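J.: Handing you a structure now.
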Amino acid sequence: MTVLEVKALTTVLHLPFGTVPVVNNVSLDLHAGETLGIVGESGCGKSMLALSLLGLQPNPPAEISSGSAHFENVDLLDMPPARLRRIRGKRIGMIFQDPMAALNPVMKIGDQITEVLRRHLDMSRSAAKRRAVDLLELVRVPDPVRRAGEYPFQLSGGLRQRVMIAIALSCNPAVLIADEPTTALDVTIQRQILELVRDLQADRGMAVLHITHDLGLISEHADRVMVMYAGRIIEQATTVNIIDHPRHPYTAGLVNCAPALGQNRNSHLSEIPGIVPPLNQLPPGCSFEPRCLRRLARCRQVVPELDRHHSRHVTACHNPCSA
Amino acid sequence: MLIYTARRLILFLPIAIGIVAVTFAIMQLLPGDPAAVLLGEDASEEGVRDIRQALGLDQPWWIRLGTYYFDLLHGDMGVSYFQNQPVVDAIGQRLVPTLEVAIVALLISIVIGIVFGVVAAVRRGTPIDAFCMLFAQLGVSMPVFWFGILLMYLFAIQLDMLPSIGRGPPLVPALGRALMGNPGDLGLALMHIAMPALTLGLTNAAVISRLVRSSMLETLGQDYIRTARAKGLAPTRIVLVHSLRNAMLTVVSVMGLRFGALLGGAVLTESIFGWPGLGQLAVAAISQRDIPLIQGVVLTFALAFALVNVLVDLLYAVIDPRIRYE
């Protein structure tokens with residue numbers, strides 16, 4: 001069952017030198033219970049995509065210029081702000097990259113959870129308080145009663161991210177948007193957080209949109225992966241297909257970049273030559289063309305469309321790897 | 001919090017001792033001999049010597065400073081040369097009127113400053129923002145004395161609504177009676193305090209509103225505001241609970257410093273509106289070279305300033321748990 005269907009979403013940035021698309025004609029669908037990974041380098045538009053879905057894009061300079069995002073039969077991009085606020089935090093939860101900065105420093109943990117409960121579920125103060133402690137327990141925060149009375153600066157990064165998850169899940173959302181949830185955390189904590197999300201997701205049949213720059217990380221946790229480059233989706237497939245048979249040269253590059261444990265440390269890590277072009281200097285054809293080792297003459301002029309390779313693998317490339 | 005409060009209060013002691021010493025030193029460095037001032041221009045050398053002896057001015061400075069400390073501990077600031085009463089009494093009579101104006105002005109400036117600052121920040125880049133900041137710019141650049149005279153011209157002379165000078169019934173007792181159900185003279189008290197408090201309050205509000213605006217703009221861009229929005233909270237709650245409280249950290253710390261400006265402004269304002277407060281007393285004392293009185297007033301101002309800043313430190317800890325738990 002599709003819970004979220006995004007069609008041709010374009011978000012532009014109004015900058016001093018002109019208006020540039022930061023999310024360019026992106027379509028995706030998210031099914032109940034699945035995890036969809038969105039992978040890309042910093043600046044590829046993946047966070048802006050996530051923020052746009054909830055109308056949280058920083059405005060100015062960002063503005064959604066076209067597209068739709070249907071969730072539970074309504075278009076998130078075309079509804080009065082007051083109605084959208086009834087969905088944010090209630091039906092769609094969101095967690096962010098830096099749990100150090102994402103919690104209000106002068107407000108108790110418990111209060112930051114109860115305010116969502118009281119807002120959306122119309123709970124009494126005491127009921128919300130009890131539920132907040134339950135939620136902290138659910139996200140495996142030790143000693144939840146004491147922690148609820150503490151402030152963010154008294155918690156470690158991992159605990160803070162657990163608190164963020166508790167907030168995001170407090171109203172049993174149908175969708176959880178996780179924007180680089182583990183980037184700021186230690187590797188061991190990363191795994192704990194991702195496992196926590198996976199367990200909670202399984203219990204609730206919740207769909208997760210997981211945004212990250214870490215292809216290795218996402219390969220363990222996502223059912224499907226979308227790769228973004230310079231604002232566009234360039235490849236989308238099941239995780240297995242993306243890792244084992246990447247078709248887009250950029251995806252292939254990302255896969256090859258990941259170092260393997262036990263790899264001879266004298267061997268060179270492969271890299272993708274060049275850098276992501278600035279958004280105001282995108283080439284007229286394929287955005288990846290200047291860095292691509294498989295480019296054709298056509299790549300310079302014609303933007304490749306997403307093309308169906310087989311049922312669940314699409315690629316936007318004129319000269320895809322044959323795997 | 002208790003430990004923090006205790007530590008702040010203990011720290012106040014050395015500050016107070018330092019303030020007394022500095023005040024004393026400034027008075028010693030003033031040119032002119034108090035004895036000569038007292039006796040006038042055609043005083044005999046002998047007369048001057050007698051007076052110096054009587055006032056203890058012939059003693060070395062460290063003995064005089066020691067005596068000053070000793071007397072202060074006993075609530076004695078000396079006797080005014082010209083007012084024929086102890087300095088402590090003269091200051092005591094004037095302290096309450098000054099506090100009245102300062103506190104009403106502070107309230108005005110906080111309320112207006114925060115409202116304008118928050119509205120300007122939330123409506124950034126709109127005509128509302130421009131209007132608020134124009135007000136702030138005017139307030140910052142207008143001298144207190146000129147603004148006071150403008151108010152007086154408008155409300156006392158042209159509109160004939162408010163008394164131009166003098167103090168009405170004491171505000172606090174009038175307020176107390178009003179709360180007991182007998183408003184009687186509260187109106188009169190408020191009418192008298194309105195212009196001096198507005199003069200001081202509005203100029204101060206201008207500074208505070210600019211500060212609140214920039215501080216709000218900073219907090220509104222923080223990640224936790226994005227979190228609050230992702231939670232689906234109402235905009236008013238986001239602004240007032242999540243943003244303003246964090247923004248107040250910067251504002252509160254500056255407000256303590258602004259209290260100094262308020263006291264300085266009081267000297268001018270009280271002279272304009274004939275308000276019988278410490279400011280007027282200071283002006284009179286200085287023009288008469290009434291050294292014990294000057295010393296007492298300056299000391300009172302300095303101690304009040306230091307005390308207010310201790311209160312600000314405490315308020316800071318109330319707002320920010322990170323300081324409380326240090």
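As shown in the structure tokens, the chain order sets the letters A, B, ...; within each chain, residues go from 1, and ligands are also counted from 1 in the order they appear.
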Near B:Ile108, within 8 Å and counting only C-alpha atoms, which residues show up once chain neighbours fewer than 6 positions away are dropped, as a list of chain:residue names?
T.: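 Counting only C-alpha atoms, the residues come to B:Ala197, B:Leu198, B:Gly201, B:Leu202, B:Ala205.
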J.: Write the residues you've just listed into a file as a PDB file, in the first residue's frame, and include N, CA and C atoms for each of them.
T.:
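The file below, result_2.pdb, is the result:
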```pdb
ATOM      1  N   ALA B 197       8.519  58.340  33.389  1.00  0.00           N
ATOM      2  CA  ALA B 197       8.729  56.915  33.115  1.00  0.00           C
ATOM      3  C   ALA B 197       8.724  56.648  31.617  1.00  0.00           C
ATOM      4  N   LEU B 198       7.852  57.331  30.870  1.00  0.00           N
ATOM      5  CA  LEU B 198       7.829  57.151  29.418  1.00  0.00           C
ATOM      6  C   LEU B 198       9.125  57.639  28.787  1.00  0.00           C
ATOM      7  N   GLY B 201      11.629  55.110  29.703  1.00  0.00           N
ATOM      8  CA  GLY B 201      11.257  53.778  29.233  1.00  0.00           C
ATOM      9  C   GLY B 201      11.328  53.649  27.728  1.00  0.00           C
ATOM     10  N   LEU B 202      10.856  54.654  26.996  1.00  0.00           N
ATOM     11  CA  LEU B 202      10.801  54.517  25.537  1.00  0.00           C
ATOM     12  C   LEU B 202      12.194  54.509  24.918  1.00  0.00           C
ATOM     13  N   ALA B 205      13.440  51.206  25.619  1.00  0.00           N
ATOM     14  CA  ALA B 205      12.707  50.193  24.847  1.00  0.00           C
ATOM     15  C   ALA B 205      13.288  50.075  23.447  1.00  0.00           C
TER      16      ALA B 205
END
```
J.: May I ask you to extract the residues of chain A within 6 Å of chain B, using only C-alpha atoms, and to give them as a PyMOL selection string?
T.: chain A and resi 85+88-89+101-104+106
J.: Just the selected residues (N, CA and C atoms), exported as an mmCIF file, in the first residue's frame, please.
T.:
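Output file out-v4.cif is given in full below:
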```
data_model
loop_
_atom_site.group_PDB
_atom_site.id
_atom_site.type_symbol
_atom_site.label_atom_id
_atom_site.label_comp_id
_atom_site.auth_asym_id
_atom_site.auth_seq_id
_atom_site.Cartn_x
_atom_site.Cartn_y
_atom_site.Cartn_z
ATOM 1 N N ARG A 85 -0.017 21.508 9.784
ATOM 2 C CA ARG A 85 0.514 21.366 11.144
ATOM 3 C C ARG A 85 -0.148 20.221 11.904
ATOM 4 N N ARG A 88 2.026 17.229 10.524
ATOM 5 C CA ARG A 88 3.399 17.224 11.038
ATOM 6 C C ARG A 88 3.421 16.757 12.493
ATOM 7 N N GLY A 89 4.313 15.832 12.764
ATOM 8 C CA GLY A 89 4.471 15.410 14.150
ATOM 9 C C GLY A 89 3.397 14.437 14.588
ATOM 10 N N ALA A 101 21.755 19.806 18.375
ATOM 11 C CA ALA A 101 21.142 21.106 18.107
ATOM 12 C C ALA A 101 19.636 21.022 17.927
ATOM 13 N N ALA A 102 19.118 19.813 17.768
ATOM 14 C CA ALA A 102 17.713 19.690 17.384
ATOM 15 C C ALA A 102 16.754 19.732 18.568
ATOM 16 N N LEU A 103 17.300 19.668 19.782
ATOM 17 C CA LEU A 103 16.438 19.773 20.954
ATOM 18 C C LEU A 103 16.616 21.151 21.577
ATOM 19 N N ASN A 104 15.516 21.678 22.103
ATOM 20 C CA ASN A 104 15.569 23.004 22.734
ATOM 21 C C ASN A 104 16.425 22.940 24.001
ATOM 22 N N VAL A 106 16.850 24.807 26.561
ATOM 23 C CA VAL A 106 16.378 25.293 27.855
ATOM 24 C C VAL A 106 15.053 24.652 28.272
#
```
J.: Pick out the residues sitting within 12 Å of stretch 163-175 of chain B, and hand them over as number ranges by chain; count only C-alpha atoms, and ignore anything fewer than 6 positions along from it in its own chain.
T.: B: 93-101, 103-104, 148-157, 181-197, 269-277, 280
J.: Could you save the residues just selected, with C-alpha atoms, as a compact mmCIF listing (two decimals), in the first residue's frame?
T.:
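Okay, part32.txt is ready:
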```
# COMPACT_ATOMS: atom_id res chain seq x y z
CA GLN B 93 14.03 60.13 51.22
CA ARG B 94 15.02 60.28 47.55
CA LEU B 95 15.58 56.60 46.88
CA VAL B 96 11.95 55.53 46.69
CA PRO B 97 10.86 58.13 44.09
CA THR B 98 13.83 57.19 41.91
CA LEU B 99 13.10 53.49 42.21
CA GLU B 100 9.47 54.19 41.31
CA VAL B 101 10.44 55.81 38.04
CA ILE B 103 10.97 50.32 37.80
CA VAL B 104 8.01 51.69 35.85
CA GLY B 148 11.33 64.57 27.77
CA ILE B 149 10.76 68.15 26.74
CA LEU B 150 8.85 67.02 23.65
CA LEU B 151 6.56 64.88 25.79
CA MET B 152 6.05 67.74 28.19
CA TYR B 153 5.18 70.10 25.35
CA LEU B 154 2.67 67.65 23.92
CA PHE B 155 0.92 66.21 26.97
CA ALA B 156 1.24 69.03 29.48
CA ILE B 157 1.08 72.15 27.35
CA GLY B 181 -10.49 48.31 46.56
CA ASN B 182 -9.78 51.99 47.03
CA PRO B 183 -8.28 53.33 43.80
CA GLY B 184 -8.52 56.93 45.10
CA ASP B 185 -5.14 58.51 44.39
CA LEU B 186 -3.63 55.82 42.13
CA GLY B 187 -4.71 57.74 39.07
CA LEU B 188 -3.00 60.88 40.30
CA ALA B 189 0.18 58.96 41.09
CA LEU B 190 0.18 57.39 37.63
CA MET B 191 -0.46 60.72 35.92
CA HIS B 192 2.59 62.17 37.61
CA ILE B 193 4.88 59.28 36.89
CA ALA B 194 3.69 58.80 33.30
CA MET B 195 5.95 61.28 31.54
CA PRO B 196 9.22 60.68 33.41
CA ALA B 197 8.73 56.92 33.11
CA THR B 269 14.78 63.05 33.59
CA GLU B 270 14.34 64.01 37.22
CA SER B 271 15.75 67.45 36.55
CA ILE B 272 13.36 68.00 33.65
CA PHE B 273 10.24 66.81 35.44
CA GLY B 274 11.12 68.12 38.88
CA TRP B 275 11.01 64.62 40.26
CA PRO B 276 12.31 64.60 43.85
CA GLY B 277 14.65 61.64 43.38
CA GLN B 280 18.05 65.67 41.36
```
J.: Applying 12 Å and only C-alpha atoms, which residues near B:Gln28 remain after dropping the ones on its own chain fewer than 3 positions away? List them as a list in words.
T.: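 My list of contacting residues is Ala21, Val22, Thr23, Phe24, Ala25, Pro31, Gly32, Asp33, Pro34, Leu57, Pro60, Trp61, Trp62, Arg64, Leu65, Ile291, Pro292, Ile294 and Gln295 of chain B.
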J.: Find the residues around stretch 51-62 of chain A up to 8 Å (only C-alpha atoms counted), leave out those fewer than 4 positions away in its own chain, and share them as JSON, numbers by chain.
T.: {"A": [11, 12, 13, 14, 15, 47, 69, 76, 77, 84, 88], "B": [226, 229, 230]}
J.: Env of stretch 67-76 of chain B: 8 Å cut, atoms = only C-alpha atoms, seq-sep filter 5 positions within chain, self excluded. Answer as a list in words.
T.: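 My list of contacting residues is Val20, Pro86, Val87 and Val88 of chain B.
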J.: Running DSSP on the backbone, which parts of stretch 138-199 of chain A land in helix (DSSP H, G or I), as a VMD selection string?
T.: chain A and resid 138 144 to 148 152 to 154 157 to 169 187 to 199
J.: May I have the residues within 12 Å of B:Val115 as a list in words, using only C-alpha atoms and disregarding those fewer than 4 positions away in the same chain?
T.: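 The residues that qualify are Ile108, Ser109, Ile110, Val111, Val119, Ala120, Ala121, Val122, Arg123, Asp129, Cys132, Ala205, Ala206, Ile208, Ser209, Arg210, Leu211, Val212, Arg213, Met216, Val239, Leu240 and Leu244 of chain B.
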J.: Atom CA of B:Met255 and atom CA of B:Val207, how far apart in Å?
T.: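 Here the two named atoms are 9.6 Å from each other.
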J.: Atom CA of A:Cys257 to atom CA of A:Leu269: how many Å, to one decimal?
T.: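 Those two atoms sit 6.3 Å apart.
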J.: Which distance in Å separates atom CA of A:Pro142 and atom CA of A:Ile189, to one decimal?
T.: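 Atom CA of A:Ile189 lies 14.6 Å from atom CA of A:Pro142.
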J.: Among stretch 80-299 of chain A, which ones does DSSP place in strand (DSSP E), written as a count of residues only?
T.: 28
